[in-house]
>>> print(open('entry-v8.txt').read())   # compact mmCIF, C-alpha atoms
# COMPACT_ATOMS: atom_id res chain seq x y z
CA ALA E 1467 88.25 79.70 108.81
CA ASP E 1468 85.92 80.44 111.68
CA ILE E 1469 85.93 84.21 111.27
CA GLU E 1470 83.15 84.99 113.76
CA SER E 1471 84.80 82.97 116.55
CA THR E 1472 88.15 84.65 115.84
CA VAL E 1473 86.52 88.11 115.94
CA LEU E 1474 84.95 87.30 119.32
CA GLN E 1475 88.33 86.11 120.66
CA ILE E 1476 90.06 89.31 119.48
CA ILE E 1477 87.37 91.43 121.14
CA GLU E 1478 87.54 89.43 124.38
CA VAL E 1479 91.33 89.04 124.67
CA PHE E 1480 92.55 92.40 123.34
CA GLY E 1481 89.54 94.64 123.99
CA PHE E 1482 89.08 95.84 120.41
CA ARG E 1483 85.74 97.07 119.13
CA ARG E 1484 84.25 95.18 116.17
CA ASP E 1485 84.65 98.24 113.90
CA GLU E 1486 88.42 98.39 114.64
CA ILE E 1487 89.05 94.89 113.28
CA LEU E 1488 90.28 94.65 109.69
CA PHE E 1489 89.50 91.56 107.64
CA VAL E 1490 92.58 90.72 105.56
CA SER E 1491 93.65 87.59 103.71
CA GLY E 1492 97.27 87.04 102.85
CA LYS E 1493 96.19 84.12 100.67
CA THR E 1494 93.63 85.91 98.46
CA GLY E 1495 94.79 89.49 98.98
CA ALA E 1496 91.34 90.58 100.15
CA GLY E 1497 91.50 93.64 102.41
CA VAL E 1498 95.18 94.41 101.73
CA PRO E 1499 94.55 97.89 100.24
CA GLU E 1500 92.40 98.80 103.26
CA LEU E 1501 95.12 97.50 105.61
CA LEU E 1502 97.78 99.64 103.93
CA ARG E 1503 95.56 102.74 104.10
CA GLU E 1504 94.95 102.11 107.83
CA ILE E 1505 98.68 101.68 108.51
CA VAL E 1506 99.35 105.06 106.90
CA ARG E 1507 96.43 106.64 108.80
CA ARG E 1508 97.14 105.13 112.25
CA ILE E 1509 100.94 105.10 112.44
CA PRO E 1510 102.52 108.56 112.43
CA PRO E 1511 105.53 109.25 110.21
CA PRO E 1512 108.90 109.70 111.92
CA GLU E 1513 109.58 113.15 113.31
CA GLY E 1514 112.94 114.82 113.15
CA ASN E 1515 115.02 117.29 111.23
CA PRO E 1516 117.09 115.94 108.33
CA ASP E 1517 119.18 119.14 108.33
CA ALA E 1518 120.10 118.94 112.04
CA PRO E 1519 123.32 117.31 113.29
CA LEU E 1520 123.21 113.52 113.35
CA GLN E 1521 121.49 111.91 116.34
CA ALA E 1522 121.05 108.15 115.99
CA LEU E 1523 119.84 105.91 118.81
CA ILE E 1524 121.61 102.55 119.26
CA PHE E 1525 119.05 99.87 120.07
CA ASP E 1526 121.02 96.65 119.54
CA SER E 1527 124.29 95.15 118.32
CA ILE E 1528 125.65 91.77 117.31
CA PHE E 1529 129.17 90.40 116.93
CA ASN E 1530 130.33 89.11 113.56
CA SER E 1531 133.69 87.34 113.66
CA PHE E 1532 134.69 88.77 110.25
CA ARG E 1533 133.27 92.32 110.39
CA GLY E 1534 133.36 93.09 114.11
CA ILE E 1535 130.38 94.50 115.96
CA ILE E 1536 127.39 95.44 113.82
CA VAL E 1537 125.44 98.25 115.47
CA TYR E 1538 121.70 98.70 114.86
CA PHE E 1539 120.27 102.21 115.20
CA LYS E 1540 117.40 104.55 114.40
CA ILE E 1541 118.15 108.04 113.08
CA ILE E 1542 116.25 110.68 115.05
CA ASN E 1543 117.82 113.74 113.34
CA GLY E 1544 120.26 114.26 110.49
CA THR E 1545 121.77 111.87 107.99
CA VAL E 1546 124.76 109.53 107.84
CA SER E 1547 126.70 108.50 104.75
CA LYS E 1548 129.07 105.67 104.00
CA GLY E 1549 132.59 106.79 104.90
CA ASP E 1550 131.49 109.42 107.45
CA ARG E 1551 133.53 109.80 110.64
CA VAL E 1552 131.13 109.18 113.54
CA LYS E 1553 131.40 109.30 117.32
CA PHE E 1554 129.59 107.38 120.05
CA PHE E 1555 128.41 109.99 122.53
CA SER E 1556 128.87 108.18 125.87
CA THR E 1557 132.30 106.67 125.17
CA GLY E 1558 133.69 109.38 122.89
CA HIS E 1559 135.17 106.74 120.58
CA GLU E 1560 135.38 107.68 116.90
CA TYR E 1561 134.93 105.36 113.92
CA ASN E 1562 134.65 105.39 110.14
CA ALA E 1563 131.29 104.26 108.80
CA GLU E 1564 132.80 101.53 106.59
CA GLU E 1565 129.35 100.23 105.68
CA ILE E 1566 125.85 101.45 106.44
CA GLY E 1567 122.56 99.99 105.34
CA VAL E 1568 119.17 98.57 106.22
CA ARG E 1569 118.09 95.08 107.15
CA LYS E 1570 115.66 93.27 104.93
CA LEU E 1571 115.94 89.51 104.69
CA LYS E 1572 119.65 90.23 104.68
CA GLN E 1573 121.77 93.35 105.02
CA ALA E 1574 121.21 95.82 102.20
CA PRO E 1575 124.06 98.40 102.01
CA ARG E 1576 123.14 102.03 101.28
CA GLU E 1577 125.17 105.14 100.56
CA VAL E 1578 123.03 107.41 102.80
CA LEU E 1579 120.52 106.92 105.63
CA GLY E 1580 118.32 109.76 106.86
CA THR E 1581 115.89 110.86 109.54
CA GLY E 1582 113.49 108.07 110.48
CA ASP E 1583 115.58 105.30 108.91
CA VAL E 1584 116.45 102.20 110.91
CA GLY E 1585 119.73 100.66 109.86
CA TYR E 1586 123.10 99.23 110.73
CA ILE E 1587 126.66 100.49 110.75
CA ILE E 1588 129.84 98.44 110.46
CA SER E 1589 133.01 100.16 111.64
CA GLY E 1590 135.35 97.33 112.52
CA ILE E 1591 134.66 97.65 116.26
CA LYS E 1592 136.11 94.63 118.07
CA ASP E 1593 135.41 95.49 121.73
CA SER E 1594 131.75 95.12 122.76
CA SER E 1595 132.23 97.52 125.69
CA GLU E 1596 132.51 100.36 123.17
CA VAL E 1597 128.90 99.88 122.00
CA ARG E 1598 126.17 100.66 124.50
CA VAL E 1599 122.45 100.24 123.89
CA GLY E 1600 120.73 103.61 124.30
CA ASP E 1601 123.84 105.58 123.30
CA THR E 1602 123.78 108.26 120.62
CA ILE E 1603 125.80 108.21 117.39
CA THR E 1604 126.76 111.62 115.99
CA HIS E 1605 129.23 113.07 113.50
CA VAL E 1606 132.76 114.03 114.54
CA LYS E 1607 132.86 117.24 112.45
CA ASP E 1608 129.35 118.52 113.27
CA PRO E 1609 128.28 116.79 116.50
CA CYS E 1610 124.89 117.20 118.12
CA ASP E 1611 124.68 119.31 121.29
CA LYS E 1612 123.36 116.55 123.53
CA ALA E 1613 122.70 112.84 123.52
CA ILE E 1614 119.23 111.41 123.06
CA SER E 1615 117.62 111.42 126.51
CA GLY E 1616 117.08 108.24 128.49
CA PHE E 1617 120.53 106.65 128.22
CA GLU E 1618 121.56 104.62 131.26
CA GLU E 1619 124.52 102.36 131.83
CA VAL E 1620 123.43 98.75 131.48
CA LYS E 1621 124.11 96.44 134.39
CA PRO E 1622 125.35 93.17 132.92
CA MET E 1623 123.36 90.09 133.93
CA VAL E 1624 123.58 86.44 133.12
CA PHE E 1625 120.51 84.25 132.86
CA ALA E 1626 121.02 80.53 133.13
CA GLY E 1627 118.78 77.51 133.26
CA LEU E 1628 119.73 74.72 135.64
CA TYR E 1629 118.30 71.24 135.31
CA PRO E 1630 119.16 68.07 137.19
CA VAL E 1631 120.66 65.18 135.23
CA ASP E 1632 118.11 62.88 136.82
CA ALA E 1633 114.51 64.18 136.99
CA ASP E 1634 114.10 62.56 140.41
CA GLU E 1635 116.66 65.05 141.80
CA TYR E 1636 114.58 68.11 140.87
CA GLU E 1637 113.40 68.80 144.43
CA ASP E 1638 116.96 68.54 145.79
CA LEU E 1639 118.18 71.03 143.16
CA ARG E 1640 115.32 73.44 143.92
CA ASN E 1641 116.02 73.29 147.66
CA SER E 1642 119.73 73.87 147.07
CA ILE E 1643 119.08 76.93 144.90
CA GLU E 1644 116.70 78.36 147.51
CA LYS E 1645 119.44 78.00 150.13
CA LEU E 1646 121.93 79.63 147.76
CA GLN E 1647 119.63 82.66 147.39
CA LEU E 1648 119.93 83.30 151.12
>>> encode(input="entry-v8.txt", output="structure tokens")
Amino acid sequence: ADIESTVLQIIEVFGFRRDEILFVSGKTGAGVPELLREIVRRIPPPEGNPDAPLQALIFDSIFNSFRGIIVYFKIINGTVSKGDRVKFFSTGHEYNAEEIGVRKLKQAPREVLGTGDVGYIISGIKDSSEVRVGDTITHVKDPCDKAISGFEEVKPMVFAGLYPVDADEYEDLRNSIEKLQL
């Protein structure tokens, strides 16, 4: 390994100072304890109140043909347990938390998730319009007063790549798309 050249590239490309760079080897394990100490020192722990009403931020979801929509979230305040009755703030729809857990290499079910945890919830939701990124999940019995700030309705978009069957027709396709934009 050309360590000195790599250090110079990191300094040039990312603007780090030499004393900010950690020398770690995944192969030999050298520097791993120092890396872990620096992660604890540099990255603040999650803030929030575990005793407050549940406020969980939805950041993604996927569709599973057997389980329905799997919602990924981060808990800002409170806790959620398997079997809890939860509500999605913007839609008002209520669901049972049939399964909650965390993602590792695969889904790892848990009985309880708390403040700062990032996890998933499976509630048998079949309609993707009921799950909105940026929405807040709260309890039905003891709901939070307000949603997590910053939620906006997403404007659906489709991205598509168009390629000509014959590479010689690329210019014709480009010209046609430019005219279509008008």
>>> residues_around(input="entry-v8.txt", residues="Asp1601 of chain E", least_positions_apart="5", cutoff="12 Å", atoms="only C-alpha atoms", output="PDB file with C-alpha atoms, in the frame of the given file")
ATOM      1  CA  GLN E1521     121.490 111.910 116.340  1.00  0.00           C
ATOM      2  CA  ALA E1522     121.050 108.150 115.990  1.00  0.00           C
ATOM      3  CA  LEU E1523     119.840 105.910 118.810  1.00  0.00           C
ATOM      4  CA  ILE E1524     121.610 102.550 119.260  1.00  0.00           C
ATOM      5  CA  PHE E1525     119.050  99.870 120.070  1.00  0.00           C
ATOM      6  CA  ASP E1526     121.020  96.650 119.540  1.00  0.00           C
ATOM      7  CA  SER E1527     124.290  95.150 118.320  1.00  0.00           C
ATOM      8  CA  VAL E1537     125.440  98.250 115.470  1.00  0.00           C
ATOM      9  CA  TYR E1538     121.700  98.700 114.860  1.00  0.00           C
ATOM     10  CA  PHE E1539     120.270 102.210 115.200  1.00  0.00           C
ATOM     11  CA  LYS E1540     117.400 104.550 114.400  1.00  0.00           C
ATOM     12  CA  ILE E1541     118.150 108.040 113.080  1.00  0.00           C
ATOM     13  CA  LYS E1553     131.400 109.300 117.320  1.00  0.00           C
ATOM     14  CA  PHE E1554     129.590 107.380 120.050  1.00  0.00           C
ATOM     15  CA  PHE E1555     128.410 109.990 122.530  1.00  0.00           C
ATOM     16  CA  SER E1556     128.870 108.180 125.870  1.00  0.00           C
ATOM     17  CA  THR E1557     132.300 106.670 125.170  1.00  0.00           C
ATOM     18  CA  GLY E1558     133.690 109.380 122.890  1.00  0.00           C
ATOM     19  CA  HIS E1559     135.170 106.740 120.580  1.00  0.00           C
ATOM     20  CA  SER E1595     132.230  97.520 125.690  1.00  0.00           C
ATOM     21  CA  GLU E1596     132.510 100.360 123.170  1.00  0.00           C
ATOM     22  CA  LYS E1612     123.360 116.550 123.530  1.00  0.00           C
ATOM     23  CA  ALA E1613     122.700 112.840 123.520  1.00  0.00           C
ATOM     24  CA  ILE E1614     119.230 111.410 123.060  1.00  0.00           C
ATOM     25  CA  SER E1615     117.620 111.420 126.510  1.00  0.00           C
ATOM     26  CA  GLY E1616     117.080 108.240 128.490  1.00  0.00           C
ATOM     27  CA  PHE E1617     120.530 106.650 128.220  1.00  0.00           C
ATOM     28  CA  GLU E1618     121.560 104.620 131.260  1.00  0.00           C
ATOM     29  CA  GLU E1619     124.520 102.360 131.830  1.00  0.00           C
ATOM     30  CA  VAL E1620     123.430  98.750 131.480  1.00  0.00           C
TER      31      VAL E1620
END
>>> residues_around(input="entry-v8.txt", residues="Ser1531 of chain E", least_positions_apart="5", cutoff="12 Å", atoms="only C-alpha atoms", output="list in words")
Ile1536, Gly1590, Ile1591, Lys1592 and Asp1593 of chain E
>>> atom_distance(input="entry-v8.txt", atom1="atom CA of Leu1520 of chain E", atom2="atom CA of Gly1567 of chain E")
15.7 Å
>>> atom_distance(input="entry-v8.txt", atom1="atom CA of Gly1580 of chain E", atom2="atom CA of Asp1517 of chain E")
9.5 Å
>>> residues_around(input="entry-v8.txt", residues="Ser1491 of chain E", least_positions_apart="5", cutoff="12 Å", atoms="only C-alpha atoms", output="ChimeraX atom specification")
/E:1467,1469,1496-1501
>>> closest_residue(input="entry-v8.txt", among="E:Ser1547, E:Asn1641, E:Asn1562, E:Ser1594", to="Val1578 of chain E", atoms="all atoms listed in the file")
E:Ser1547
>>> residues_around(input="entry-v8.txt", residues="Ile1643 of chain E", least_positions_apart="4", cutoff="12 Å", atoms="only C-alpha atoms", output="ChimeraX atom specification")
/E:1627-1630,1636-1639,1647-1648
>>> write_last_selection(input="entry-v8.txt", atoms="C-alpha atoms", output="JSON list (two decimals), keeping the file's coordinate frame")
[["chain", "number", "residue", "atom", "x", "y", "z"],
["E", 1627, "GLY", "CA", 118.78, 77.51, 133.26],
["E", 1628, "LEU", "CA", 119.73, 74.72, 135.64],
["E", 1629, "TYR", "CA", 118.30, 71.24, 135.31],
["E", 1630, "PRO", "CA", 119.16, 68.07, 137.19],
["E", 1636, "TYR", "CA", 114.58, 68.11, 140.87],
["E", 1637, "GLU", "CA", 113.40, 68.80, 144.43],
["E", 1638, "ASP", "CA", 116.96, 68.54, 145.79],
["E", 1639, "LEU", "CA", 118.18, 71.03, 143.16],
["E", 1647, "GLN", "CA", 119.63, 82.66, 147.39],
["E", 1648, "LEU", "CA", 119.93, 83.30, 151.12]]
>>> closest_residue(input="entry-v8.txt", among="E:Val1606, E:Ile1528, E:Leu1502, E:Ile1588", to="Arg1551 of chain E", atoms="all atoms listed in the file")
E:Val1606
>>> closest_residue(input="entry-v8.txt", among="E:Arg1503, E:Phe1625, E:Val1479, E:Ile1587", to="Ala1574 of chain E", atoms="only C-alpha atoms")
E:Ile1587
>>> atom_distance(input="entry-v8.txt", atom1="atom CA of Leu1646 of chain E", atom2="atom CA of Lys1621 of chain E")
21.6 Å
